[in-house]
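Data block below; observations after.
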Amino acid sequence: MNAAAEARLSELDRVLDAREFTADLAAELFAVADLLTGQTQLRNAVADPTSSADQRRELASAVLGSRVSADAAAVAGEAAALKWGSPANLVAALERQGVRTLFGTAQVAGRLDSVEEELFRFARSVAGSPELRAALDDRNAPVAARQQLIGDLLADRAKPETVALAQRAAAVQTRSFEAVLDEYLKLAAAAQQRALAVVTVAVPLSAAQKARLMAALSRQLGRPVSLQVLIDPAVLGGARVRVGDEVIEGTVAGRLAAAEHELTK
């Protein structure tokens, strides 16, 4: 993402952050994104770069009218006023604000860490089950059916924000369910101004080991770290750390593979 796109996202983030985070606001922002997704002509008009920012803002206001709250209308209007490069990017920006609203709701309630952990664990469960992954990525199945499946799986086992986010991820048609949840987890870490580090180890870490690893990664990255731990006996020992696109390989298996590669060069 280039600097201009990041600046636009940050500007819209500030518009949302001035509002009260509620589940209803998140639902309204998702509804606006769905409205634009389903109506190509409207989506193109609201994102038309040849119109002025005021014209796009006024069009969004006229279309939404009293159908959504003042807060949702304000966020949607400011989103329309910004130039995103394509109508799809405008929809993605609104989707992002809906997700950020749910994380903000969880943060205000003091359960953001739990929601982040539950989403991560559910994403790993999906990744580990070919049948479940196929069911959630089946674009021929109705979205409502996929969302119901998630609701059944998470019923009484997860926070309401976790369920809402997982169900929303199932509605995204352009990427896999797992990829969408990965993006959500990055936003959860960003909500706490942390970097998301996924650590793969052979056996579970003790609380002291996790604390030492988080401290070391925070020093290296220069900011706090949100740590998610995966257990994989195949690593044989040590740890593999992934932060964004960067992978720090410290496992025995990784060192053996590197040594084998050198021998066969």
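Labels used: A, B, ... for chains in the order of the structure tokens, numbers from 1 for residues in each chain, and numbers from 1 for ligands as shown.
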**OP:** List every residue of segment 2-237 of chain A that DSSP, applied to the backbone, labels as strand (DSSP E or B), and write the result as a list of chain:residue names.
**Re:**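 Here are the strand (DSSP E or B) residues of segment 2-237 of chain A: A:Ala195, A:Leu196, A:Ala197, A:Val198, A:Val199, A:Thr200, A:Val201, A:Val225, A:Ser226, A:Leu227, A:Gln228, A:Val229, A:Leu230, A:Ile231.
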**OP:** List every residue of segment 1-218 of chain A that DSSP, applied to the backbone of this structure, assigns to helix (DSSP H, G or I), and report them as JSON, numbers by chain.
**Re:** {"A": [3, 4, 5, 6, 7, 8, 9, 10, 11, 12, 13, 14, 15, 16, 17, 23, 24, 25, 26, 27, 28, 29, 30, 31, 32, 33, 34, 35, 36, 37, 38, 40, 41, 42, 43, 44, 45, 46, 53, 54, 55, 56, 57, 58, 59, 60, 61, 62, 63, 64, 70, 71, 72, 73, 74, 75, 76, 77, 78, 79, 80, 81, 87, 88, 89, 90, 91, 92, 93, 94, 95, 96, 97, 98, 99, 100, 101, 102, 103, 104, 105, 106, 107, 108, 112, 113, 114, 115, 116, 117, 118, 119, 120, 121, 122, 123, 124, 125, 126, 127, 130, 131, 132, 133, 134, 135, 136, 143, 144, 145, 146, 147, 148, 149, 150, 151, 152, 153, 154, 160, 161, 162, 163, 164, 165, 166, 167, 168, 169, 170, 171, 177, 178, 179, 180, 181, 182, 183, 184, 185, 186, 187, 188, 189, 190, 191, 207, 208, 209, 210, 211, 212, 213, 214, 215, 216, 217, 218]}
**OP:** Write out as a VMD selection string the residues lying within 7 Å of Ala197 of chain A, counting only C-alpha atoms and excluding same-chain residues fewer than 4 positions away.
**Re:** chain A and resid 225 to 228 241 to 243
Original post:
Got a sec: who's within 9 Å of Pro204 of chain A, counting only C-alpha atoms, leaving out chain neighbours fewer than 4 positions off, as number ranges by chain?
Top reply: A: 229-231
Subject >> Among the residues A:Ala60, A:Ala74, A:Ala144, A:Ala207, the one that comes closest to Arg43 of chain A [using only C-alpha atoms] >> reply: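 Checking each of A:Ala60, A:Ala74, A:Ala144, A:Ala207 against Arg43 of chain A, counting only C-alpha atoms, the winner is A:Ala60.
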**OP:** Please identify all polymer residues within 12 Å of Ala5 of chain A, counting only C-alpha atoms, omitting same-chain residues fewer than 4 positions from it, and present them as a list in words.
**Re:** Met1, Leu9, Ser10, Glu11, Leu12, Leu82, Lys83, Trp84, Gly85, Ser86, Asn89, Leu90, Ala92 and Ala93 of chain A
Original post:
Residues at most 7 Å from segment 100-105 of chain A, counting only C-alpha atoms, excluding those fewer than 2 positions away in the same chain, as a count of residues only?
Top reply: 14
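Near Glu58 of chain A, within 12 Å and counting only C-alpha atoms, sit Ala45, Val46, Ser51, Ser52, Ala53, Val63, Leu64, Gly65, Ala73, Ala74, Ala76, Gly77, Glu78, Ala79, Ala80 and Ala81 of chain A; same-chain residues fewer than 5 positions away were not included.
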Find the nearest atom pair between each residue of segment 114-139 of chain A and segment 169-178 of chain A for residues within 9 Å, count only C-alpha atoms, give distances in Å to one decimal, sort rows by chain and ascending number, and present the table as CSV.
```
residue,atom,partner,partner_atom,distance
A:Ala123,CA,A:Glu178,CA,6.0
A:Arg124,CA,A:Glu178,CA,8.4
A:Val126,CA,A:Glu178,CA,7.4
A:Ala127,CA,A:Glu178,CA,7.0
A:Arg133,CA,A:Phe177,CA,7.7
A:Leu136,CA,A:Ala170,CA,6.4
A:Asp137,CA,A:Ser176,CA,6.0
A:Arg139,CA,A:Gln173,CA,7.2
```
Subject >> A:Glu118, A:Asp48, A:Glu95, A:Glu20 ranked by distance to Ala33 of chain A, top pick (using only C-alpha atoms) >> reply: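 Using only C-alpha atoms, the shortest distance to Ala33 of chain A belongs to A:Glu95.
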**OP:** Compare A:Arg121, A:Leu42, A:Ser114, A:Arg19 by their minimum atom-to-atom distance to Val75 of chain A, counting only C-alpha atoms, and give me the closest one.
**Re:**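 Counting only C-alpha atoms, the residue closest to Val75 of chain A is A:Arg19.
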Original post:
Out of A:Leu196, A:Ala3, A:Leu165, A:Ala208, which residue has the shortest atom-to-atom distance to Ala106 of chain A when counting only C-alpha atoms?
Top reply: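 For Ala106 of chain A, the nearest of the candidates is A:Leu165.
When atom CA of Val163 of chain A is paired with atom CA of Phe120 of chain A, their separation reads 12.3 Å.
What separates atom CA of Lys186 of chain A from atom CA of Ala158 of chain A is a distance of 19.1 Å.
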